[in-house]
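Peer 1: Please see the structure below; I have some questions.
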Amino acid sequence: MMTATFNVRIGINPISWCNDDLPSLGGETPLETILREGSEIGYQGFELGNKFPRDPAALRAVLAPYGVACVSGWYSGRLAERSAEEEIAAVEEHLTLLVENGCQVMVYGEVGGSIQGQIDTPLFKRPTFTSEEAWQQYAERLTVFARHLAARGIKLAYHHHMGAFVESPADVDKLMALTGEEVGLLFDTGHMAFAGGDPQAELDKHIARVVHVHCKDIRGEVLRRARNGSWSFLQSVLNGAFTVPGDGDIPFGPIIERLARHGYQGWLVVEAEQDPTIAPSYEYAQKGFQTLQSLVARASR
């Protein structure tokens with residue numbers, strides 16, 4: 001029996017309709033279509049994408065007619081390359097946008113040295129920290145940056161990501177061990193599975209630090225081909241490595257139940273990079289929502 005402390009909302013990333021890294025995927029789809037279809041399906045909020053306005057008042061005006069919230073927004077951080085003070089100066093506009101739209105977390109993606117946006121670069125060429133000193137310095141900068149966000153009422157949600165410095169389960173372990181509690185973890189089921197981890201086991205290990213959840217499913221056969229063929233991240237996306245919950249090989253039931261037992265309170269965000277001409281946006285967004293809605297209802301009993 002679960003308690004009422006499992007207070008979650010289900011949101012979606014607009015990547016189901018249009019891809020920021022690959023604008024050819026759904027680039028023609030208007031923002032109004034994305035918001036209308038997402039709200040019709042039942043989503044309570046959206047993460048930001050490149051079609052959303054960046055002025056706080058304009059963003060509120062765009063979201064209001066559809067009754068949806070701004071969940072959060074990806075921030076391309078470069079703390080692997082620059083100081084915490086430089087990052088704090090760089091983040092101000094994005095931070096203000098999130099604060100003034102009632103967000104509680106910021107999705108931090110490390111893009112310093114990342115190959116995630118390079119279509120011809122295989123994933124094994126991703127950057128890595130080559131010494132304990134480099135890891136420690138990065139963790140210290142990240143903690144300082146997270147404290148700055150916390151002072152503004154925003155929790156840093158660190159996104160482990162394919163093609164970046166923090167990709168593997170061991171990377172996540174190391175980052176969580178070296179950073180302060182101010183650094184929260186964005187747990188992404190699909191990226192964790194792609195990186196060779198067991199999503200359920202890794203969630204259990206770090207659940208006390210999880211402040212945001214991306215619910216991304218994987219197609220196991222495509223994933224095996226991606227690894228054997230040394231594909232890039234974007235090649236993997238184009239070939240269908242990811243999909244929505246309920247359409248792939250990750251068992252989401254135990255993951256949602258574990259979050260419920262822990263008393264996780266926050267967003268569950270459907271995020272699945274796909275080609276909308278192959279995986280129709282509305283159909284797949286609806287499948288992801290219905291899967292999570294059913295699992296949340298079951299875990300809340």
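We label chains A, B, ... in the order they appear in the structure tokens, count residues from 1 in each chain, and number ligands from 1 in the order shown.
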Against segment 43-53 of chain A, which residues of segment 180-265 of chain A fall within 12 Å? For each one I want the closest pair of atoms and the distance in Å (one decimal), counting only C-alpha atoms, rows by chain and increasing residue number, as a Markdown table.
Peer 2:
| residue | atom | partner | partner_atom | distance |
| --- | --- | --- | --- | --- |
| A:His212 | CA | A:Glu47 | CA | 11.6 |
| A:Val213 | CA | A:Glu47 | CA | 11.9 |
| A:His214 | CA | A:Glu47 | CA | 10.6 |
Peer 1: I need the residues from that last selection saved to file as a JSON list (two decimals), in the first residue's frame (with N, CA, C and O atoms), if you can.
Peer 2:
[["chain", "number", "residue", "atom", "x", "y", "z"],
["A", 212, "HIS", "N", 14.56, 14.86, -10.49],
["A", 212, "HIS", "CA", 13.84, 14.98, -11.76],
["A", 212, "HIS", "C", 14.00, 13.66, -12.49],
["A", 212, "HIS", "O", 15.04, 13.01, -12.37],
["A", 213, "VAL", "N", 12.97, 13.26, -13.25],
["A", 213, "VAL", "CA", 13.02, 11.96, -13.93],
["A", 213, "VAL", "C", 12.60, 12.11, -15.38],
["A", 213, "VAL", "O", 11.52, 12.65, -15.68],
["A", 214, "HIS", "N", 13.44, 11.64, -16.28],
["A", 214, "HIS", "CA", 13.10, 11.51, -17.70],
["A", 214, "HIS", "C", 12.75, 10.07, -17.99],
["A", 214, "HIS", "O", 13.57, 9.17, -17.78]]
Peer 1: Near Leu268 of chain A, counting only C-alpha atoms, which residues have an atom at most 12 Å away, once you skip same-chain residues fewer than 2 positions from it, shown as a PyMOL selection string?
Peer 2: chain A and resi 6-13+43-47+71-72+186-189+210-216+245+252+255-256+259-260+264-266+270-271+288-289+291-293+295-296
Peer 1: I'd like to know which of A:Glu167, A:Glu93, A:Ala285, A:Ser300 is closest to Ser39 of chain A, using only C-alpha atoms.
Peer 2: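 Checking each candidate against Ser39 of chain A, we get A:Ala285 as the closest.
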Peer 1: Give me the residues near Gly196 of chain A as JSON, numbers by chain, where near means some atom within 7 Å (using only C-alpha atoms) and where sequence neighbours in that chain fewer than 3 positions away do not count.
Peer 2: {"A": [168, 192, 193]}
Peer 1: Would you write out those residues with N, CA and C atoms, as a PDB file, in the first residue's frame?
Peer 2:
ATOM      1  N   SER A 168      28.298   6.949 -18.035  1.00  0.00           N
ATOM      2  CA  SER A 168      28.162   5.575 -17.540  1.00  0.00           C
ATOM      3  C   SER A 168      27.686   5.533 -16.092  1.00  0.00           C
ATOM      4  N   MET A 192      20.505   5.800 -19.147  1.00  0.00           N
ATOM      5  CA  MET A 192      21.145   4.847 -18.253  1.00  0.00           C
ATOM      6  C   MET A 192      21.227   3.466 -18.891  1.00  0.00           C
ATOM      7  N   ALA A 193      20.146   3.052 -19.556  1.00  0.00           N
ATOM      8  CA  ALA A 193      20.157   1.754 -20.221  1.00  0.00           C
ATOM      9  C   ALA A 193      21.146   1.751 -21.382  1.00  0.00           C
TER      10      ALA A 193
END
Peer 1: List the spatial neighbours of segment 15-17 of chain A as a PDB file with C-alpha atoms, in the first residue's frame - criterion: any atom at most 8 Å away, only C-alpha atoms, same-chain residues fewer than 5 positions off excluded.
Peer 2:
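The resulting file, selection.pdb, is reproduced below:
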ATOM      1  CA  LEU A  25      12.916  16.068 -37.458  1.00  0.00           C
ATOM      2  CA  GLY A  26       9.619  17.907 -37.007  1.00  0.00           C
ATOM      3  CA  THR A  29       5.610  21.665 -36.544  1.00  0.00           C
ATOM      4  CA  ILE A  34       2.727  20.855 -29.808  1.00  0.00           C
ATOM      5  CA  GLY A  49      12.602  23.523 -26.562  1.00  0.00           C
ATOM      6  CA  GLU A 271      11.282  12.320 -23.459  1.00  0.00           C
ATOM      7  CA  ALA A 272      11.899  10.224 -26.545  1.00  0.00           C
ATOM      8  CA  GLU A 273      13.945  11.403 -29.502  1.00  0.00           C
ATOM      9  CA  GLN A 274      12.255   9.922 -32.577  1.00  0.00           C
ATOM     10  CA  PRO A 276       7.846  11.899 -36.156  1.00  0.00           C
ATOM     11  CA  SER A 281       4.011  12.465 -32.421  1.00  0.00           C
ATOM     12  CA  TYR A 284       3.462   8.066 -29.292  1.00  0.00           C
ATOM     13  CA  ALA A 285       3.010  10.948 -26.851  1.00  0.00           C
TER      14      ALA A 285
END
Peer 1: Enumerate the residues of segment 76-282 of chain A with a DSSP assignment of strand (DSSP E or B), computed from the backbone, and present them as a PyMOL selection string.
Peer 2: chain A and resi 76-77+105-110+155-159+183-188+210-215+217-218+242-243+266-270
Peer 1: Take the residues just selected and output them with N, CA, C and O atoms as a tab-separated table (two decimals), in the first residue's frame.
Peer 2:
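Result file is part-v1.tsv:
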chain	number	residue	atom	x	y	z
A	76	SER	N	22.71	24.32	-21.32
A	76	SER	CA	23.97	23.80	-21.84
A	76	SER	C	25.12	24.37	-21.03
A	76	SER	O	25.61	25.48	-21.31
A	77	GLY	N	25.54	23.63	-20.03
A	77	GLY	CA	26.60	24.08	-19.15
A	77	GLY	C	27.98	23.73	-19.68
A	77	GLY	O	28.16	22.78	-20.45
A	105	VAL	N	13.26	22.99	-10.79
A	105	VAL	CA	14.53	22.36	-11.16
A	105	VAL	C	15.04	22.95	-12.47
A	105	VAL	O	14.27	23.47	-13.28
A	106	MET	N	16.35	22.86	-12.65
A	106	MET	CA	16.98	23.21	-13.93
A	106	MET	C	17.71	21.97	-14.45
A	106	MET	O	18.52	21.38	-13.73
A	107	VAL	N	17.42	21.61	-15.67
A	107	VAL	CA	18.12	20.48	-16.30
A	107	VAL	C	19.50	20.98	-16.73
A	107	VAL	O	19.62	21.81	-17.62
A	108	TYR	N	20.54	20.44	-16.08
A	108	TYR	CA	21.91	20.82	-16.42
A	108	TYR	C	22.51	19.73	-17.30
A	108	TYR	O	22.68	18.59	-16.88
A	109	GLY	N	22.85	20.08	-18.55
A	109	GLY	CA	23.54	19.15	-19.44
A	109	GLY	C	24.93	19.69	-19.73
A	109	GLY	O	25.08	20.81	-20.21
A	110	GLU	N	25.95	18.90	-19.44
A	110	GLU	CA	27.32	19.33	-19.70
A	110	GLU	C	27.63	19.16	-21.18
A	110	GLU	O	27.62	18.04	-21.71
A	155	LYS	N	16.59	23.86	-8.00
A	155	LYS	CA	17.47	22.72	-7.75
A	155	LYS	C	18.15	22.32	-9.05
A	155	LYS	O	17.51	22.18	-10.09
A	156	LEU	N	19.46	22.13	-9.00
A	156	LEU	CA	20.17	21.63	-10.17
A	156	LEU	C	19.86	20.16	-10.37
A	156	LEU	O	20.02	19.35	-9.45
A	157	ALA	N	19.42	19.80	-11.57
A	157	ALA	CA	19.14	18.41	-11.93
A	157	ALA	C	20.15	17.99	-12.99
A	157	ALA	O	20.00	18.33	-14.16
A	158	TYR	N	21.17	17.26	-12.57
A	158	TYR	CA	22.27	16.92	-13.48
A	158	TYR	C	21.87	15.77	-14.40
A	158	TYR	O	21.50	14.70	-13.95
A	159	HIS	N	21.97	16.03	-15.70
A	159	HIS	CA	21.54	15.06	-16.72
A	159	HIS	C	22.75	14.25	-17.20
A	159	HIS	O	23.57	14.73	-17.99
A	183	VAL	N	23.68	19.34	-5.46
A	183	VAL	CA	23.65	18.80	-6.82
A	183	VAL	C	22.67	17.63	-6.86
A	183	VAL	O	22.94	16.56	-6.32
A	184	GLY	N	21.53	17.86	-7.49
A	184	GLY	CA	20.55	16.79	-7.65
A	184	GLY	C	20.81	16.02	-8.93
A	184	GLY	O	21.53	16.47	-9.83
A	185	LEU	N	20.19	14.87	-9.03
A	185	LEU	CA	20.36	14.00	-10.19
A	185	LEU	C	19.08	13.96	-11.02
A	185	LEU	O	17.99	13.72	-10.49
A	186	LEU	N	19.22	14.24	-12.31
A	186	LEU	CA	18.15	13.95	-13.25
A	186	LEU	C	18.37	12.52	-13.68
A	186	LEU	O	19.36	12.20	-14.34
A	187	PHE	N	17.45	11.64	-13.30
A	187	PHE	CA	17.60	10.23	-13.66
A	187	PHE	C	16.88	9.98	-14.98
A	187	PHE	O	15.66	10.16	-15.07
A	188	ASP	N	17.65	9.58	-16.00
A	188	ASP	CA	17.10	9.32	-17.32
A	188	ASP	C	17.20	7.82	-17.60
A	188	ASP	O	18.30	7.28	-17.75
A	210	VAL	N	17.78	11.98	-6.48
A	210	VAL	CA	16.97	12.19	-7.68
A	210	VAL	C	15.97	13.32	-7.47
A	210	VAL	O	15.13	13.25	-6.57
A	211	VAL	N	16.04	14.34	-8.32
A	211	VAL	CA	15.12	15.48	-8.22
A	211	VAL	C	14.28	15.67	-9.48
A	211	VAL	O	13.39	16.51	-9.52
A	212	HIS	N	14.56	14.86	-10.49
A	212	HIS	CA	13.84	14.98	-11.76
A	212	HIS	C	14.00	13.66	-12.49
A	212	HIS	O	15.04	13.01	-12.37
A	213	VAL	N	12.97	13.26	-13.25
A	213	VAL	CA	13.02	11.96	-13.93
A	213	VAL	C	12.60	12.11	-15.38
A	213	VAL	O	11.52	12.65	-15.68
A	214	HIS	N	13.44	11.64	-16.28
A	214	HIS	CA	13.10	11.51	-17.70
A	214	HIS	C	12.75	10.07	-17.99
A	214	HIS	O	13.57	9.17	-17.78
A	215	CYS	N	11.54	9.85	-18.46
A	215	CYS	CA	11.06	8.51	-18.76
A	215	CYS	C	11.23	8.25	-20.25
A	215	CYS	O	10.39	8.66	-21.07
A	217	ASP	N	12.21	5.19	-23.06
A	217	ASP	CA	12.34	3.76	-23.28
A	217	ASP	C	13.39	3.50	-24.36
A	217	ASP	O	13.78	4.42	-25.09
A	218	ILE	N	13.84	2.26	-24.46
A	218	ILE	CA	14.83	1.90	-25.48
A	218	ILE	C	14.36	0.67	-26.25
A	218	ILE	O	13.62	-0.16	-25.74
A	242	PHE	N	15.54	5.09	-29.26
A	242	PHE	CA	14.68	5.52	-28.16
A	242	PHE	C	13.21	5.51	-28.55
A	242	PHE	O	12.85	5.68	-29.72
A	243	THR	N	12.36	5.36	-27.57
A	243	THR	CA	10.92	5.46	-27.77
A	243	THR	C	10.28	5.84	-26.43
A	243	THR	O	10.97	6.09	-25.44
A	266	GLY	N	7.69	15.27	-7.68
A	266	GLY	CA	8.23	16.07	-8.77
A	266	GLY	C	7.59	15.66	-10.08
A	266	GLY	O	6.45	15.21	-10.11
A	267	TRP	N	8.36	15.80	-11.15
A	267	TRP	CA	7.85	15.52	-12.49
A	267	TRP	C	8.36	14.18	-13.01
A	267	TRP	O	9.52	13.82	-12.77
A	268	LEU	N	7.50	13.50	-13.73
A	268	LEU	CA	7.89	12.40	-14.60
A	268	LEU	C	7.73	12.93	-16.02
A	268	LEU	O	6.62	13.28	-16.44
A	269	VAL	N	8.83	13.02	-16.75
A	269	VAL	CA	8.80	13.66	-18.07
A	269	VAL	C	9.05	12.63	-19.17
A	269	VAL	O	10.09	11.96	-19.17
A	270	VAL	N	8.09	12.51	-20.07
A	270	VAL	CA	8.29	11.66	-21.24
A	270	VAL	C	9.23	12.39	-22.19
A	270	VAL	O	8.98	13.53	-22.58
Peer 1: Compare A:Phe145, A:Arg219, A:Ala279, A:Arg126 by their minimum atom-to-atom distance to Glu92 of chain A, counting only C-alpha atoms, and give me the closest one.
Peer 2: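 With only C-alpha atoms as the atom set, the closest residue is A:Phe145.
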Peer 1: Which is closest to Ala58 of chain A among A:Ser294, A:Ser236, A:Thr121, A:Asn101, if we use only C-alpha atoms?
Peer 2: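 Nearest candidate to Ala58 of chain A out of A:Ser294, A:Ser236, A:Thr121, A:Asn101: A:Asn101.
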Peer 1: As a PyMOL selection string, please: all residues of segment 36-165 of chain A that backbone DSSP puts in alpha helix (DSSP H).
Peer 2: chain A and resi 36-41+56-63+84-99+132-151
Peer 1: Considering only C-alpha atoms, can you say which of A:Gln200, A:Gln286, A:Thr179, A:Ser232 comes closest to Ala139 of chain A?
Peer 2: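 Nearest candidate to Ala139 of chain A out of A:Gln200, A:Gln286, A:Thr179, A:Ser232: A:Thr179.
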Peer 1: Quote the spacing between atom CA of Pro30 of chain A and atom CA of Cys18 of chain A in Å to one decimal place.
Peer 2: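 We find that atom CA of Pro30 of chain A and atom CA of Cys18 of chain A lie 9.2 Å from each other.
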Peer 1: So how many Å separate atom CA of Gln118 of chain A and atom CA of Leu238 of chain A, to one decimal?
Peer 2: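 Atom-to-atom, atom CA of Gln118 of chain A and atom CA of Leu238 of chain A are spaced 12.7 Å apart.
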Peer 1: What is the atom CA of Val222 of chain A-atom CA of Pro199 of chain A distance in Å, reported with one decimal?
Peer 2: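 Rounded to one decimal, the two atoms are 17.7 Å apart.
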Peer 1: Of the candidates A:Glu283, A:Val91, A:His160, A:Arg36, which one gets nearest to Val62 of chain A if we count only C-alpha atoms?
Peer 2: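 Comparing A:Glu283, A:Val91, A:His160, A:Arg36 against Val62 of chain A, the winner is A:Arg36.
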